[in-house]
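Visitor: Take a look at the following structure, please.
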Amino acid sequence: MVKVTLKDDVVKQFKKGSTILDVALSISEGLARNTFACEVNGQLEDVRFKLESDCKVNLLGFDSDGGRSAFRHTSAHILAQAVKRLFKDVKLAIGPSIEEGFYYDFDLDRSFTKDEIVLIEKEMKKIVKENLEIEIFELGREEALELMKDEPYKVELINDLPEDEKITFYKQGEFVDLCKGPHLLKTKQVKSIKLLGEDGSSGAYWKGDEKNKMLARIYGTSFLKNADLNKYLEAKEEAKKRDHNKLGRELKLFTTSEDIGQGLPLLMPKGAKVIQLLQRFIEDEEEKRGYKLTKTPLMAKSDMYEKSGHWQHYKDGMFILGDEEKDKEVFALRPMTCPFQFTVYNAEQHSYKELPIRYGETSTLFRKESSGEMHGLIRLRQFTISEGHIVCMKEQVEDEIKEVLELINFVMETLGIEKDVKYMLSKWDKTNKGKYIGDEKDWEETQEMLRNALNNLEVEYKEVDGEAAFYGPKIDILFKNVHGKEDTIITVQLDFALAEKFDMTYIDKEGNKVHPTTIHRTSLGCYERTLAMLIEKYAGVFPTWLSPVQVKLLPISDKYNDYTKEVEKKLKRSGIRVEVDSRAEKTGYKIREATLEKVPYICVLGEKEEKDNTIAVRSRKGDEGTEDVEGFIDRIIKEVVTRENNIISEEK
RNA sequence: GCCGACGUGGCUCAACUGGCAGAGCAGCUGACUUGUAAUCAGCAGGUUAUCGGUUCAAGUCCGAUCGUCGGCUCCA
């Protein structure tokens, strides 16, 4: 017998060789039905796992990552089986579960069409109905290669497996796939399954390498029941309405022009206003925190990029002006600010007493992104970033990082997105030391500094290996967009290389010239991208202090145009952003329109109100009433001023 | 850059297998002065993304380019 410790420290005894399924069944049939995987002593295992010794078992259902992942992994196998039935010559690549579903990559020398996806989905539902038993078996390397001899990608995967690794297969009906599991027991357990791909399948490189062959990837998702699937699909549709690329254009925040080009958005008056507000906020805040403002050129001669290393490593990513062969001087638009601010540092001699020096700049950058990469305000060829570099001594690094994170956290809170971001500590890859400069001690030490700073901030974060820059570890802050994709909005990078490259020095206590450490950081990220995040976060309904139009005035008839002008002037003089719609007709319509424009306050001006200097105010929160003009002005100003106190209006 | 879908007035969409580019909203002009999803009448607005080809005839078929969207890769 073996002793099994379950949740809440319940201990049960089972015969040796019993499976996890037996454990679940001993509690209830319902639980067994909804157990898709398990953890045995913390290790993810299949429900077919045989108990050999005492252990701790955690049963995983759809509500756990492990259980849901097994559920969707089986869904991916059902997809592959359906494709194999319908397209005999297709070769299988890989098919994992992902956060919102699953995918499978196939090699068929083309994409699947929309119609084919419909057929595949039909076949999948058939497979679910057939309720095929899913079996697991293990093979030796030779037998495994023999079994998969017609699947070149599987052969490659088997050959990539370490010598001692068990090679397991899962079989359902006529379909067999190389897979380490875990999986469900029967295909019928996947009650609700759907393929995503209104335009056919997507392309994806084998092993994610652009030098490899492009495969056809089909995405799908699955749930316990159709109601959950529909809820998911509806939520997706809802989210799409908040898409900054759609909403931002509708609200006239930005536009693009085919003649101007990809990745070069035009900020319209309203969008430019929001960005100006953000920029003023950041520049003021940074000044309060000891930053010195610089304003450096948008381009430089190739000489500088040769020194910085960009000419050798980043040339394809830059817009180059002139011809190296013909011209005496060749310029390039800047893709980063670091060399410029470092040059500012080098223009003076520095003593250890001056450090840390913090430089800030509202910096416009140019990067020649490949044509397929641009997207709305998220990926651009020209963008403006709240850039900054801190030059300090090694022993100051940890405190400086802490201060940077505090600033960033303050910015996040002010924008009301502190709960929507994820922190990531990007470390080097110990197994690939050649990719990085510096030795193990440098890396472990600096990574520890970043870790301490994150712990100090008391935020949750994920550590990821191999995501660091070649010159140092970094902290990335990510925001998930309405499509569920994560983008970095902020990064803080430690750099123990460039100072030497640029020959930056300070004089230490002993009078020696020493290279400082530099920190690359942004406080709000790229303004365009942050605007995109804010549009999606607030569905276009910005907090009052950020609203490009705070009050819309609507006279109910032309008779009140003069009075409206008077009110407009008063509000404007008080620093409130007003827009007047002087057309008296269709007042009801205009109110609706103003509501759609997400204006915080709509004021309707008419006869009754004129007499006692009051106006009818309707806020987007739904409340309405008649207010004294002066009182109304005070109220809005207070709301706007609260930004300074780090408390956004109650809408937050 | 790669795989795929797409591109018709400012916006949303129409135009059967190739056969005269059309409507609603927005805009402008005039009338109406009226408080929450729409007052009436009129006017203007398009070389159907661009260039080329096939055809008696192209928004529609073919090719190239540009742009947009969804993926991949890359990245703030």
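Chain labels run A, B, ... following the order of the structure tokens; each chain numbers its residues from 1, and ligands are numbered from 1 in the order shown.
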Would you kindly return, as a PyMOL selection string, each protein, DNA or RNA residue with an atom no farther than 10 Å from any atom of stretch 60-70 of chain B, considering only C-alpha atoms (C1' of nucleotides) and excluding same-chain residues fewer than 5 positions away?
Guide: (chain A and resi 197-202+256-259+261-262+375-376) or (chain B and resi 4-7+15+18+49-55)
Visitor: Could you list, as a PyMOL selection string, the residues of chain B having an atom within 9 Å of chain A when counting only C-alpha atoms (C1' of nucleotides)?
Guide: chain B and resi 1-5+11+32-39+49+66-67+70-76
Visitor: Restricted to C-alpha atoms (C1' of nucleotides), what would the selected residues look like written as a PDB file, in the first residue's frame?
Guide:
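Ended up saving to again13.pdb:
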```pdb
ATOM      1  C1'   G B   1      11.331  40.253 -44.202  1.00  0.00           C
ATOM      2  C1'   C B   2       8.035  35.622 -44.255  1.00  0.00           C
ATOM      3  C1'   C B   3       2.671  33.132 -44.425  1.00  0.00           C
ATOM      4  C1'   G B   4      -2.448  34.579 -45.096  1.00  0.00           C
ATOM      5  C1'   A B   5      -6.823  37.929 -45.574  1.00  0.00           C
ATOM      6  C1'   C B  11     -17.378  56.936 -41.595  1.00  0.00           C
ATOM      7  C1'   C B  32     -37.050  75.162 -37.917  1.00  0.00           C
ATOM      8  C1'   U B  33     -35.469  76.986 -32.113  1.00  0.00           C
ATOM      9  C1'   U B  34     -37.036  72.151 -30.010  1.00  0.00           C
ATOM     10  C1'   G B  35     -33.466  68.709 -23.319  1.00  0.00           C
ATOM     11  C1'   U B  36     -31.049  62.901 -24.063  1.00  0.00           C
ATOM     12  C1'   A B  37     -30.480  57.199 -30.498  1.00  0.00           C
ATOM     13  C1'   A B  38     -31.435  61.126 -34.604  1.00  0.00           C
ATOM     14  C1'   U B  39     -36.264  68.218 -37.498  1.00  0.00           C
ATOM     15  C1'   A B  49      -5.223  52.650 -52.933  1.00  0.00           C
ATOM     16  C1'   C B  66       1.790  50.888 -51.617  1.00  0.00           C
ATOM     17  C1'   G B  67      -1.222  50.465 -47.338  1.00  0.00           C
ATOM     18  C1'   G B  70      -4.174  38.428 -38.168  1.00  0.00           C
ATOM     19  C1'   G B  71       0.131  35.302 -37.341  1.00  0.00           C
ATOM     20  C1'   C B  72       5.795  34.235 -37.343  1.00  0.00           C
ATOM     21  C1'   U B  73      10.505  36.524 -36.465  1.00  0.00           C
ATOM     22  C1'   C B  74      12.191  40.988 -34.151  1.00  0.00           C
ATOM     23  C1'   C B  75      11.282  44.821 -30.585  1.00  0.00           C
ATOM     24  C1'   A B  76       9.902  50.396 -26.843  1.00  0.00           C
TER      25        A B  76
END
```
Visitor: Quick one: distance from atom CA of A:Leu298 to atom CA of A:Leu407 in Å, one decimal?
Guide: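 Interatomic distance here is 26.2 Å.
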Visitor: Could you write out, as a PyMOL selection string, all the residues of stretch 361-581 of chain A that DSSP marks as strand (DSSP E)?
Guide: chain A and resi 361-366+382-392+421-426+461-464+474-480+486-495+506-507+513-514+517-526+551-555+578-580
Visitor: Could you save those same residues with C-alpha atoms as a PDB file, in the first residue's frame?
Guide:
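Once written, again_14.pdb looks like this:
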```pdb
ATOM      1  CA  GLU A 361      15.146  63.613 -22.521  1.00  0.00           C
ATOM      2  CA  THR A 362      11.912  63.480 -24.453  1.00  0.00           C
ATOM      3  CA  SER A 363      13.585  61.673 -27.259  1.00  0.00           C
ATOM      4  CA  THR A 364      12.359  60.914 -30.743  1.00  0.00           C
ATOM      5  CA  LEU A 365      13.848  57.763 -32.212  1.00  0.00           C
ATOM      6  CA  PHE A 366      13.831  56.128 -35.624  1.00  0.00           C
ATOM      7  CA  GLN A 382       9.372  56.870 -35.468  1.00  0.00           C
ATOM      8  CA  PHE A 383       8.412  57.249 -31.838  1.00  0.00           C
ATOM      9  CA  THR A 384       9.093  59.444 -28.851  1.00  0.00           C
ATOM     10  CA  ILE A 385      10.233  58.011 -25.580  1.00  0.00           C
ATOM     11  CA  SER A 386      10.718  59.347 -22.072  1.00  0.00           C
ATOM     12  CA  GLU A 387      14.365  58.448 -22.286  1.00  0.00           C
ATOM     13  CA  GLY A 388      16.996  58.741 -19.612  1.00  0.00           C
ATOM     14  CA  HIS A 389      20.418  57.578 -18.513  1.00  0.00           C
ATOM     15  CA  ILE A 390      21.871  57.501 -15.061  1.00  0.00           C
ATOM     16  CA  VAL A 391      25.612  57.617 -14.657  1.00  0.00           C
ATOM     17  CA  CYS A 392      26.707  56.381 -11.266  1.00  0.00           C
ATOM     18  CA  VAL A 421       1.256  45.598 -15.688  1.00  0.00           C
ATOM     19  CA  LYS A 422       3.598  42.688 -15.121  1.00  0.00           C
ATOM     20  CA  TYR A 423       7.209  42.949 -14.071  1.00  0.00           C
ATOM     21  CA  MET A 424       9.859  40.744 -15.573  1.00  0.00           C
ATOM     22  CA  LEU A 425      13.469  40.337 -14.541  1.00  0.00           C
ATOM     23  CA  SER A 426      15.390  39.499 -17.714  1.00  0.00           C
ATOM     24  CA  TYR A 461       7.724  39.571 -10.936  1.00  0.00           C
ATOM     25  CA  LYS A 462       8.855  36.716 -13.114  1.00  0.00           C
ATOM     26  CA  GLU A 463      12.503  35.879 -13.710  1.00  0.00           C
ATOM     27  CA  VAL A 464      13.334  34.888 -17.258  1.00  0.00           C
ATOM     28  CA  LYS A 474      17.097  44.409 -17.268  1.00  0.00           C
ATOM     29  CA  ILE A 475      13.675  44.863 -15.784  1.00  0.00           C
ATOM     30  CA  ASP A 476      10.821  44.912 -18.285  1.00  0.00           C
ATOM     31  CA  ILE A 477       7.319  46.038 -17.548  1.00  0.00           C
ATOM     32  CA  LEU A 478       4.665  44.503 -19.759  1.00  0.00           C
ATOM     33  CA  PHE A 479       1.104  45.457 -20.569  1.00  0.00           C
ATOM     34  CA  LYS A 480      -1.387  43.054 -22.120  1.00  0.00           C
ATOM     35  CA  GLU A 486       1.916  41.465 -24.149  1.00  0.00           C
ATOM     36  CA  ASP A 487       4.090  44.412 -25.083  1.00  0.00           C
ATOM     37  CA  THR A 488       6.920  45.948 -23.157  1.00  0.00           C
ATOM     38  CA  ILE A 489       6.070  49.486 -22.167  1.00  0.00           C
ATOM     39  CA  ILE A 490       8.990  50.167 -19.891  1.00  0.00           C
ATOM     40  CA  THR A 491      12.486  48.860 -19.521  1.00  0.00           C
ATOM     41  CA  VAL A 492      15.288  49.532 -17.083  1.00  0.00           C
ATOM     42  CA  GLN A 493      18.644  48.209 -18.226  1.00  0.00           C
ATOM     43  CA  LEU A 494      21.859  47.921 -16.365  1.00  0.00           C
ATOM     44  CA  ASP A 495      24.937  48.439 -18.486  1.00  0.00           C
ATOM     45  CA  TYR A 506      34.960  60.134 -13.351  1.00  0.00           C
ATOM     46  CA  ILE A 507      37.727  60.933 -10.911  1.00  0.00           C
ATOM     47  CA  LYS A 513      40.014  57.885 -13.666  1.00  0.00           C
ATOM     48  CA  VAL A 514      37.295  55.236 -13.337  1.00  0.00           C
ATOM     49  CA  THR A 517      28.101  52.201 -14.481  1.00  0.00           C
ATOM     50  CA  THR A 518      25.183  53.409 -16.562  1.00  0.00           C
ATOM     51  CA  ILE A 519      21.498  52.678 -16.271  1.00  0.00           C
ATOM     52  CA  HIS A 520      19.270  53.018 -19.331  1.00  0.00           C
ATOM     53  CA  ARG A 521      15.715  53.660 -18.314  1.00  0.00           C
ATOM     54  CA  THR A 522      12.375  55.023 -19.335  1.00  0.00           C
ATOM     55  CA  SER A 523       9.763  56.309 -16.940  1.00  0.00           C
ATOM     56  CA  LEU A 524       6.653  56.156 -19.078  1.00  0.00           C
ATOM     57  CA  GLY A 525       7.989  54.356 -22.119  1.00  0.00           C
ATOM     58  CA  CYS A 526       7.183  55.380 -25.616  1.00  0.00           C
ATOM     59  CA  VAL A 551     -16.194  69.914 -21.240  1.00  0.00           C
ATOM     60  CA  LYS A 552     -18.444  70.117 -24.247  1.00  0.00           C
ATOM     61  CA  LEU A 553     -20.838  73.057 -24.391  1.00  0.00           C
ATOM     62  CA  LEU A 554     -24.106  72.686 -26.235  1.00  0.00           C
ATOM     63  CA  PRO A 555     -26.438  75.691 -26.508  1.00  0.00           C
ATOM     64  CA  VAL A 578     -13.616  73.191 -23.756  1.00  0.00           C
ATOM     65  CA  GLU A 579     -15.225  72.512 -27.060  1.00  0.00           C
ATOM     66  CA  VAL A 580     -18.376  74.247 -28.245  1.00  0.00           C
TER      67      VAL A 580
END
```
Visitor: As an exercise, work out the distance from atom CA of A:Glu39 to atom CA of A:Gly66 in Å and give it to one decimal place.
Guide: 8.4 Å
Visitor: From the DSSP assignment of the backbone, select every residue of stretch 146-299 of chain A that is alpha helix (DSSP H), and format the answer as a ChimeraX atom specification.
Guide: /A:146-147,152-160,226-241,244-250,269-288
Visitor: In Å, rounded to a single decimal, give me how far atom CA of A:Asp465 is from atom CA of A:Ser64.
Guide: 24.5 Å
Visitor: If we count only C-alpha atoms (C1' of nucleotides), what is near B:A44 at a cut-off of 12 Å, once residues fewer than 2 positions away on the same chain are taken out, given as a PyMOL selection string?
Guide: chain B and resi 9+27-29+42
Visitor: Near stretch 431-439 of chain A, counting only C-alpha atoms (C1' of nucleotides), which residues have an atom at most 12 Å away, once you skip same-chain residues fewer than 6 positions from it, shown as a list of chain:residue names?
Guide: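 Contacts, in chain order: A:Glu445, A:Thr446, A:Asp465, A:Gly466, A:Glu467, A:Ala468, A:Ala469, A:Phe470, A:Tyr471, A:Gly472, A:Pro473, A:Asp495, A:Phe496, A:Ala497, A:Leu498.
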Visitor: Give me, as a list of chain:residue names, all polymer residues having an atom no more than 12 Å from A:Glu306, counting only C-alpha atoms (C1' of nucleotides) and skipping those fewer than 5 positions away in the same chain.
Guide: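 Listing them by chain and then by number gives A:Ala300, A:Lys301, A:Trp311, A:Gln312, A:His313, A:Tyr314, A:Lys315, A:Val330, A:Phe331, A:Ala332, A:Pro339, A:Lys501, A:Phe502.
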Visitor: Go ahead and dump the residues you just picked, N, CA and C atoms, as a tab-separated table (two decimals), in the first residue's frame.
Guide:
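Saved file result-v8.tsv follows:
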```
chain	number	residue	atom	x	y	z
A	300	ALA	N	23.19	61.73	-36.45
A	300	ALA	CA	24.62	61.90	-36.23
A	300	ALA	C	25.38	61.26	-37.39
A	301	LYS	N	26.64	61.64	-37.49
A	301	LYS	CA	27.49	61.08	-38.54
A	301	LYS	C	27.76	59.60	-38.25
A	311	TRP	N	26.96	50.81	-36.00
A	311	TRP	CA	27.27	50.65	-37.43
A	311	TRP	C	27.56	49.19	-37.74
A	312	GLN	N	28.18	48.50	-36.80
A	312	GLN	CA	28.52	47.09	-37.03
A	312	GLN	C	27.32	46.18	-36.75
A	313	HIS	N	26.55	46.54	-35.71
A	313	HIS	CA	25.52	45.59	-35.24
A	313	HIS	C	24.09	45.99	-35.56
A	314	TYR	N	23.85	47.24	-35.87
A	314	TYR	CA	22.46	47.68	-35.95
A	314	TYR	C	22.16	48.45	-37.23
A	315	LYS	N	23.08	48.36	-38.19
A	315	LYS	CA	22.95	49.16	-39.41
A	315	LYS	C	21.62	48.92	-40.13
A	330	VAL	N	28.27	60.61	-44.07
A	330	VAL	CA	27.02	59.87	-44.09
A	330	VAL	C	26.39	60.02	-42.71
A	331	PHE	N	25.09	60.28	-42.69
A	331	PHE	CA	24.39	60.46	-41.42
A	331	PHE	C	23.40	59.33	-41.20
A	332	ALA	N	22.98	59.17	-39.98
A	332	ALA	CA	21.91	58.21	-39.71
A	332	ALA	C	21.01	58.80	-38.64
A	339	PRO	N	24.18	57.09	-26.94
A	339	PRO	CA	25.45	57.73	-27.34
A	339	PRO	C	25.40	59.24	-27.22
A	501	LYS	N	33.27	51.71	-23.54
A	501	LYS	CA	33.30	51.90	-24.99
A	501	LYS	C	33.34	53.39	-25.34
A	502	PHE	N	32.59	54.18	-24.60
A	502	PHE	CA	32.54	55.62	-24.87
A	502	PHE	C	33.58	56.39	-24.06
```
Visitor: Which of these, A:Thr544, A:Asn452, A:Asn159, A:Thr564, has the shortest distance to A:Ile401 once you count only C-alpha atoms?
Guide: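 Using only C-alpha atoms, A:Ile401 sits closest to A:Asn452.
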Visitor: What lies within 8 Å of A:Asn245 using only C-alpha atoms (C1' of nucleotides), ignoring chain neighbours under 2 positions off, as a list in words?
Guide: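 Neighbouring residues, sequence-local ones excluded: Asp243, Leu247, Gly248, Arg249, Gly376, Leu377 and Ala532 of chain A.
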